[in-house]
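Chemist: Once you've had a glance at the structure underneath, I'll fire off some questions.
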Amino acid sequence: MTTDQATTAQLSTDPAATDLPLRAATPDDWPGVSRLVNASFHETPDEELDRIERRTYEPERALLATDGGEVVAHAAAFTRDLTVPGQVVPAAHVTMVGVAATHRRRGLLRRMMERQLREVRDAGHEPIAVLWASEGRIYPRFGYDSAARHVTYEIDLREAAIAPAPATGTLRTAEPDAVAAELAKVYERLRPGRVGWSSRDDAWWAYNLADIAARHPGQTKRRAVLHEGPGGVDGYALWRVQRGWDHLGPCATVKVDLVAAADPGAYRDLWGFLFGIDLARRVDYAYAAPDEPLQYLVNEPNRLGARLNDSLWIRVVDVPAALAARRYATPVDVVLDVADPLLPANARRWRLSAGPDGAACDPTDAPADLALSVNDLGAAYLGATPLAGLAGAGRVRELRPGALAAATAAFGWHTAPQAVEVF
């Protein structure tokens, strides 16, 4: 994409035009899709980013509507796996959802999202869908719910420090592209145990390592630091620096993209390096987990400047397949009465017999122990949202005494989910 051409003049503005047909996208639709997505998210087009994003685009998994030859509504999905408690499962990674400002309030979003859900369900190999929600009020009507949180740190280095300790390995810096294979090896080593991490093929590594200068004004190029332990590379960090000076002198900010480490020693060494970069007075980290170990390393956790935000939203598309696909912290045998107005095959009673080593979920006519919606299942699916908390809000109803406590414990997990990229 080379220009951000204005298209409003060619679009129909007739409020009665509510029946624009939806169709699958083709590769030739990409320029129009890119224009719509940039406009929807108030982004300035960038040729390099456009080229990289096009490599990840799957037109056969995208729905769109056109008016006057221009794309006015679009929703897509990526074919990727997602780590869930105890397992890695195929998940439709829903993305690039937008409707032109001229075509809002005509039912296009509803039609796209509902058709997409039916198509994912009918395909039969992705039991869940996952997305990042630009606005939380949009997606619950389609059965999605907030299932993970991420913490943003703005760390004052003059107030928070990591106590010195003997190094557990050696560090070396590099250009990320030059060590992409080593980064991928560490990522793949960690991914099966990191709830919320998504699979990455070559196109996704290119996307995640792309360094678009226009997106980071006043900042250096992205840099990598690798930690080498006795067995080789066992951790890495990606970061850049935003230059800064004031009347008191240097006040640069280290912008951390990701810290990935296989053991506590590598983790500590990497953060010690990031805290010690010359001329920096602050470290920002956007994708910390709620249980991020860094908060237990620093001498003043109140100076981490932590803010909690939502990240992944989950939609359970196939209830029995999704519940059987993950593992559970404790043994549980519970009958769930699930409501799902959009996918009626989910709306019935299901017996979940599960534990740390496996799970089965089958239809049953037995009396229900808990009554809940498919939204509630999505919220609880990654182990971060307790069913008891949803019950306290009146969303989950306990029909058999003791069932709520048992299910809450089982659906929990020993680590919080962490989403480390926006897709």
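Order determines the names: the first chain of the structure tokens is A, the second B, and so forth; residues in each chain are numbered 1 upward, and ligands are numbered 1 upward as they are shown.
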Could you list, as number ranges by chain, every residue within 7 Å of A:Thr330, counting only C-alpha atoms and ignoring same-chain residues fewer than 3 positions away?
Modeler: A: 355-356, 409-410
Chemist: Could you please take those selected residues and save C-alpha atoms as a PDB file, in the first residue's frame?
Modeler:
ATOM      1  CA  GLY A 355      -8.054 -33.669  36.187  1.00  0.00           C
ATOM      2  CA  PRO A 356      -4.335 -32.999  35.703  1.00  0.00           C
ATOM      3  CA  ALA A 409     -10.243 -25.042  41.946  1.00  0.00           C
ATOM      4  CA  ALA A 410     -10.137 -27.322  38.900  1.00  0.00           C
TER       5      ALA A 410
END
Chemist: Find the residues near A:Leu183: any atom within 12 Å, counting only C-alpha atoms, skip ones fewer than 3 places away on the same chain, and give them as a ChimeraX atom specification.
Modeler: /A:174-180,186-191,200,205-206,208-209,224-228,232-238,258-261
Chemist: With a distance cut-off of 10 Å and only C-alpha atoms, select the neighbouring residues of A:Arg215, excluding the residue or stretch itself and same-chain residues fewer than 5 positions from it, and output the selection as a PyMOL selection string.
Modeler: chain A and resi 43-44+46+49
Chemist: Export C-alpha atoms of the chosen residues as an mmCIF file, in the first residue's frame?
Modeler:
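Just written: result.cif:
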data_model
loop_
_atom_site.group_PDB
_atom_site.id
_atom_site.type_symbol
_atom_site.label_atom_id
_atom_site.label_comp_id
_atom_site.auth_asym_id
_atom_site.auth_seq_id
_atom_site.Cartn_x
_atom_site.Cartn_y
_atom_site.Cartn_z
ATOM 1 C CA GLU A 43 -3.154 4.019 11.644
ATOM 2 C CA THR A 44 -0.922 5.704 9.087
ATOM 3 C CA ASP A 46 3.368 2.045 5.984
ATOM 4 C CA LEU A 49 4.455 -3.043 7.460
#
Chemist: From a DSSP calculation on the backbone, collect every residue of stretch 142-250 of chain A in helix (DSSP H, G or I) and output the set as an NGL selection string.
Modeler: :A and (142 or 176-193 or 202-209 or 213-215)
Chemist: Would you list the contacts of A:Cys251 as a list of chain:residue names, taking every protein, DNA or RNA residue within 6 Å and counting only C-alpha atoms, but skipping same-chain residues closer than 6 positions in sequence?
Modeler: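 So, after excluding close chain neighbours, the residues are A:Gly244, A:Trp245, A:Ala280, A:Arg281.
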Chemist: Just write the chosen residues, C-alpha atoms, as an mmCIF file, in the first residue's frame.
Modeler:
data_model
loop_
_atom_site.group_PDB
_atom_site.id
_atom_site.type_symbol
_atom_site.label_atom_id
_atom_site.label_comp_id
_atom_site.auth_asym_id
_atom_site.auth_seq_id
_atom_site.Cartn_x
_atom_site.Cartn_y
_atom_site.Cartn_z
ATOM 1 C CA GLY A 244 15.875 11.480 26.637
ATOM 2 C CA TRP A 245 17.647 14.420 28.255
ATOM 3 C CA ALA A 280 18.381 5.167 31.340
ATOM 4 C CA ARG A 281 16.148 6.269 34.193
#
Chemist: Pick out each residue of stretch 169-263 of chain A that DSSP on the backbone tags as strand (DSSP E or B); I need them as a PyMOL selection string.
Modeler: chain A and resi 170-174+198+219+223-229+232-242+245-246+249-250+252-261
Chemist: Write out the residues from the selection above, keeping N, CA and C atoms, as a compact mmCIF listing (two decimals), in the first residue's frame.
Modeler:
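See result-v7.txt below for the written result:
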# COMPACT_ATOMS: atom_id res chain seq x y z
N THR A 170 26.40 -16.20 30.44
CA THR A 170 26.96 -15.04 29.75
C THR A 170 25.89 -14.38 28.89
N LEU A 171 26.06 -13.09 28.63
CA LEU A 171 25.13 -12.34 27.82
C LEU A 171 25.84 -11.86 26.56
N ARG A 172 25.11 -11.83 25.46
CA ARG A 172 25.63 -11.22 24.24
C ARG A 172 24.49 -10.51 23.52
N THR A 173 24.81 -9.38 22.94
CA THR A 173 23.81 -8.61 22.21
C THR A 173 23.92 -8.90 20.72
N ALA A 174 22.82 -8.66 20.00
CA ALA A 174 22.79 -8.95 18.57
C ALA A 174 21.63 -8.22 17.93
N SER A 198 1.13 -17.95 21.47
CA SER A 198 0.66 -18.47 20.18
C SER A 198 1.81 -19.02 19.37
N GLN A 219 13.03 6.53 18.97
CA GLN A 219 13.58 5.34 19.62
C GLN A 219 14.62 4.68 18.72
N ARG A 223 16.74 -4.19 19.71
CA ARG A 223 17.96 -4.93 20.00
C ARG A 223 17.60 -6.23 20.72
N ALA A 224 18.51 -7.18 20.64
CA ALA A 224 18.34 -8.45 21.35
C ALA A 224 19.52 -8.69 22.26
N VAL A 225 19.26 -9.29 23.42
CA VAL A 225 20.32 -9.78 24.28
C VAL A 225 19.99 -11.24 24.59
N LEU A 226 20.96 -12.12 24.39
CA LEU A 226 20.78 -13.55 24.59
C LEU A 226 21.56 -14.01 25.81
N HIS A 227 20.94 -14.89 26.57
CA HIS A 227 21.58 -15.47 27.75
C HIS A 227 22.02 -16.89 27.41
N GLU A 228 23.29 -17.17 27.65
CA GLU A 228 23.82 -18.50 27.39
C GLU A 228 24.21 -19.15 28.70
N GLY A 229 23.55 -20.27 29.01
CA GLY A 229 23.86 -21.05 30.19
C GLY A 229 24.72 -22.24 29.82
N GLY A 232 23.65 -23.87 26.52
CA GLY A 232 23.44 -23.02 25.35
C GLY A 232 22.49 -21.89 25.66
N VAL A 233 21.92 -21.30 24.62
CA VAL A 233 21.01 -20.16 24.78
C VAL A 233 19.74 -20.63 25.49
N ASP A 234 19.46 -20.00 26.63
CA ASP A 234 18.28 -20.40 27.41
C ASP A 234 17.39 -19.21 27.78
N GLY A 235 17.62 -18.08 27.13
CA GLY A 235 16.76 -16.92 27.37
C GLY A 235 17.17 -15.76 26.50
N TYR A 236 16.24 -14.83 26.35
CA TYR A 236 16.55 -13.63 25.58
C TYR A 236 15.61 -12.51 25.99
N ALA A 237 16.02 -11.29 25.64
CA ALA A 237 15.17 -10.11 25.81
C ALA A 237 15.25 -9.29 24.53
N LEU A 238 14.15 -8.67 24.18
CA LEU A 238 14.09 -7.74 23.06
C LEU A 238 13.72 -6.37 23.61
N TRP A 239 14.45 -5.34 23.17
CA TRP A 239 14.20 -4.01 23.72
C TRP A 239 14.71 -2.95 22.75
N ARG A 240 14.31 -1.73 23.01
CA ARG A 240 14.82 -0.55 22.32
C ARG A 240 14.93 0.56 23.35
N VAL A 241 15.55 1.66 22.99
CA VAL A 241 15.72 2.77 23.93
C VAL A 241 15.14 4.04 23.33
N GLN A 242 14.36 4.73 24.13
CA GLN A 242 13.87 6.06 23.76
C GLN A 242 14.78 7.09 24.40
N TRP A 245 16.80 13.56 27.44
CA TRP A 245 17.65 14.42 28.26
C TRP A 245 16.77 15.54 28.80
N ASP A 246 17.03 15.94 30.02
CA ASP A 246 16.35 17.11 30.55
C ASP A 246 17.39 17.99 31.25
N GLY A 249 20.02 16.13 33.09
CA GLY A 249 20.91 15.21 32.40
C GLY A 249 20.15 14.11 31.69
N PRO A 250 20.76 12.93 31.49
CA PRO A 250 20.13 11.85 30.73
C PRO A 250 18.92 11.27 31.45
N ALA A 252 16.84 8.55 29.62
CA ALA A 252 16.34 7.65 28.59
C ALA A 252 15.40 6.61 29.21
N THR A 253 14.57 6.01 28.33
CA THR A 253 13.65 4.95 28.74
C THR A 253 13.94 3.70 27.94
N VAL A 254 14.13 2.59 28.62
CA VAL A 254 14.30 1.29 27.97
C VAL A 254 12.92 0.70 27.74
N LYS A 255 12.60 0.43 26.46
CA LYS A 255 11.30 -0.13 26.09
C LYS A 255 11.46 -1.63 25.84
N VAL A 256 10.96 -2.43 26.75
CA VAL A 256 11.14 -3.88 26.67
C VAL A 256 9.95 -4.51 25.94
N ASP A 257 10.24 -5.32 24.92
CA ASP A 257 9.19 -6.04 24.21
C ASP A 257 8.88 -7.38 24.86
N LEU A 258 9.92 -8.11 25.22
CA LEU A 258 9.71 -9.45 25.79
C LEU A 258 10.96 -9.89 26.52
N VAL A 259 10.76 -10.55 27.65
CA VAL A 259 11.82 -11.28 28.35
C VAL A 259 11.37 -12.73 28.43
N ALA A 260 12.12 -13.62 27.81
CA ALA A 260 11.79 -15.04 27.78
C ALA A 260 12.97 -15.82 28.34
N ALA A 261 12.74 -16.57 29.40
CA ALA A 261 13.84 -17.28 30.05
C ALA A 261 13.37 -18.63 30.54
Chemist: Can you pull out the residues contacting A:Leu390? Cut-off 9 Å, using only C-alpha atoms, and skip same-chain residues under 4 positions away; I want them as a ChimeraX atom specification.
Modeler: /A:376,379-380,385-386,394-397
Chemist: Any chance you can output those residues with N, CA and C atoms as a PDB file, in the first residue's frame?
Modeler:
ATOM      1  N   ASP A 376     -19.099 -17.273  30.159  1.00  0.00           N
ATOM      2  CA  ASP A 376     -18.447 -17.617  31.416  1.00  0.00           C
ATOM      3  C   ASP A 376     -17.385 -18.697  31.209  1.00  0.00           C
ATOM      4  N   ALA A 379     -14.376 -16.960  29.785  1.00  0.00           N
ATOM      5  CA  ALA A 379     -13.665 -16.193  30.805  1.00  0.00           C
ATOM      6  C   ALA A 379     -12.795 -17.098  31.668  1.00  0.00           C
ATOM      7  N   ALA A 380     -13.284 -18.289  31.990  1.00  0.00           N
ATOM      8  CA  ALA A 380     -12.574 -19.192  32.892  1.00  0.00           C
ATOM      9  C   ALA A 380     -11.582 -20.098  32.178  1.00  0.00           C
ATOM     10  N   THR A 385      -9.675 -16.410  35.393  1.00  0.00           N
ATOM     11  CA  THR A 385     -10.909 -15.864  35.948  1.00  0.00           C
ATOM     12  C   THR A 385     -11.602 -16.939  36.766  1.00  0.00           C
ATOM     13  N   PRO A 386     -11.708 -16.789  38.073  1.00  0.00           N
ATOM     14  CA  PRO A 386     -12.322 -17.845  38.897  1.00  0.00           C
ATOM     15  C   PRO A 386     -13.827 -17.913  38.697  1.00  0.00           C
ATOM     16  N   GLY A 394     -23.181 -12.947  39.976  1.00  0.00           N
ATOM     17  CA  GLY A 394     -24.491 -13.432  39.553  1.00  0.00           C
ATOM     18  C   GLY A 394     -24.486 -14.069  38.186  1.00  0.00           C
ATOM     19  N   ARG A 395     -23.328 -14.317  37.620  1.00  0.00           N
ATOM     20  CA  ARG A 395     -23.261 -14.872  36.267  1.00  0.00           C
ATOM     21  C   ARG A 395     -23.300 -16.392  36.262  1.00  0.00           C
ATOM     22  N   VAL A 396     -22.666 -17.036  37.231  1.00  0.00           N
ATOM     23  CA  VAL A 396     -22.673 -18.495  37.367  1.00  0.00           C
ATOM     24  C   VAL A 396     -23.546 -18.857  38.557  1.00  0.00           C
ATOM     25  N   ARG A 397     -24.417 -19.858  38.384  1.00  0.00           N
ATOM     26  CA  ARG A 397     -25.305 -20.277  39.469  1.00  0.00           C
ATOM     27  C   ARG A 397     -24.931 -21.680  39.936  1.00  0.00           C
TER      28      ARG A 397
END
Chemist: How many Å lie between atom CA of A:Gly276 and atom CA of A:Glu421, rounded to one decimal?
Modeler: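 Those two atoms sit 25.2 Å apart.
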Chemist: Would you list the contacts of A:Met113 as an mmCIF file with N, CA and C atoms, in the first residue's frame, taking every protein, DNA or RNA residue within 10 Å and counting only C-alpha atoms, but skipping same-chain residues closer than 4 positions in sequence?
Modeler:
data_model
loop_
_atom_site.group_PDB
_atom_site.id
_atom_site.type_symbol
_atom_site.label_atom_id
_atom_site.label_comp_id
_atom_site.auth_asym_id
_atom_site.auth_seq_id
_atom_site.Cartn_x
_atom_site.Cartn_y
_atom_site.Cartn_z
ATOM 1 N N LEU A 63 -13.774 -12.620 5.829
ATOM 2 C CA LEU A 63 -15.084 -12.233 5.299
ATOM 3 C C LEU A 63 -15.091 -10.739 5.086
ATOM 4 N N HIS A 74 -14.996 -5.989 7.293
ATOM 5 C CA HIS A 74 -14.016 -7.067 7.173
ATOM 6 C C HIS A 74 -13.797 -7.722 8.523
ATOM 7 N N ALA A 75 -13.636 -9.037 8.533
ATOM 8 C CA ALA A 75 -13.239 -9.799 9.715
ATOM 9 C C ALA A 75 -12.454 -11.004 9.233
ATOM 10 N N ALA A 76 -11.367 -11.319 9.915
ATOM 11 C CA ALA A 76 -10.500 -12.405 9.474
ATOM 12 C C ALA A 76 -10.084 -13.256 10.659
ATOM 13 N N VAL A 94 -8.805 -14.431 15.805
ATOM 14 C CA VAL A 94 -9.672 -13.471 15.107
ATOM 15 C C VAL A 94 -9.016 -12.094 15.103
ATOM 16 N N VAL A 97 -10.915 -6.825 12.455
ATOM 17 C CA VAL A 97 -12.368 -6.642 12.417
ATOM 18 C C VAL A 97 -12.657 -5.147 12.340
ATOM 19 N N LEU A 108 -23.622 -5.134 9.858
ATOM 20 C CA LEU A 108 -22.525 -5.824 9.179
ATOM 21 C C LEU A 108 -21.612 -6.556 10.166
ATOM 22 N N LEU A 109 -21.291 -5.918 11.281
ATOM 23 C CA LEU A 109 -20.438 -6.564 12.269
ATOM 24 C C LEU A 109 -21.098 -7.833 12.792
ATOM 25 N N LEU A 117 -18.176 -17.452 13.357
ATOM 26 C CA LEU A 117 -18.314 -18.480 14.384
ATOM 27 C C LEU A 117 -18.881 -19.772 13.810
ATOM 28 N N ARG A 118 -19.894 -19.665 12.974
ATOM 29 C CA ARG A 118 -20.479 -20.867 12.374
ATOM 30 C C ARG A 118 -19.455 -21.588 11.508
ATOM 31 N N GLU A 119 -18.662 -20.831 10.754
ATOM 32 C CA GLU A 119 -17.672 -21.455 9.884
ATOM 33 C C GLU A 119 -16.568 -22.136 10.682
ATOM 34 N N TYR A 139 -17.635 -7.459 22.151
ATOM 35 C CA TYR A 139 -17.574 -8.883 21.830
ATOM 36 C C TYR A 139 -18.355 -9.822 22.737
ATOM 37 N N ARG A 141 -21.427 -9.917 23.187
ATOM 38 C CA ARG A 141 -22.676 -10.308 22.496
ATOM 39 C C ARG A 141 -22.471 -11.461 21.529
ATOM 40 N N PHE A 142 -21.187 -11.761 21.204
ATOM 41 C CA PHE A 142 -20.888 -12.886 20.317
ATOM 42 C C PHE A 142 -20.305 -14.069 21.093
#
Chemist: Could you list, as an MDAnalysis selection string, every residue within 9 Å of A:Val422, counting only C-alpha atoms and ignoring same-chain residues fewer than 6 positions away?
Modeler: chainID A and resid 131:132 311
Chemist: Counting only C-alpha atoms, which residue out of A:Thr26, A:Thr364, A:Thr66, A:Thr79 sits closest to A:Val120?
Modeler: A:Thr79
Chemist: Kindly assemble as a Markdown table a list of the stretch 186-272 of chain A residues that lie within 9 Å of stretch 290-299 of chain A, each paired with its nearest atom pair and their distance in Å to one decimal, using only C-alpha atoms, sorted first by chain and then by ascending residue number.
Modeler:
| residue | atom | partner | partner_atom | distance |
| --- | --- | --- | --- | --- |
| A:Pro264 | CA | A:Pro293 | CA | 8.7 |
| A:Tyr267 | CA | A:Pro293 | CA | 8.6 |
| A:Arg268 | CA | A:Leu297 | CA | 7.8 |
| A:Trp271 | CA | A:Leu294 | CA | 7.9 |
Chemist: Keeping C-alpha atoms, export the residues of the selection given above as a PDB file, in the first residue's frame.
Modeler:
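Written output follows (selection-v9.pdb):
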ATOM      1  CA  PRO A 264      15.197 -18.150  37.233  1.00  0.00           C
ATOM      2  CA  TYR A 267      15.532 -14.427  33.975  1.00  0.00           C
ATOM      3  CA  ARG A 268      17.378 -12.529  36.699  1.00  0.00           C
ATOM      4  CA  TRP A 271      16.491  -8.165  33.892  1.00  0.00           C
TER       5      TRP A 271
END
Chemist: For A:Ala129, which residue among A:Arg351, A:Arg194, A:His414, A:Arg80 is the nearest when counting only C-alpha atoms?
Modeler: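 When distances to A:Ala129 are compared using only C-alpha atoms, the smallest one comes from A:Arg80.
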Chemist: Closest to A:Ala184 among A:Ala24, A:Asp202, A:Gly218, A:Pro140, using only C-alpha atoms?
Modeler: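 Using only C-alpha atoms, A:Ala184 sits closest to A:Asp202.
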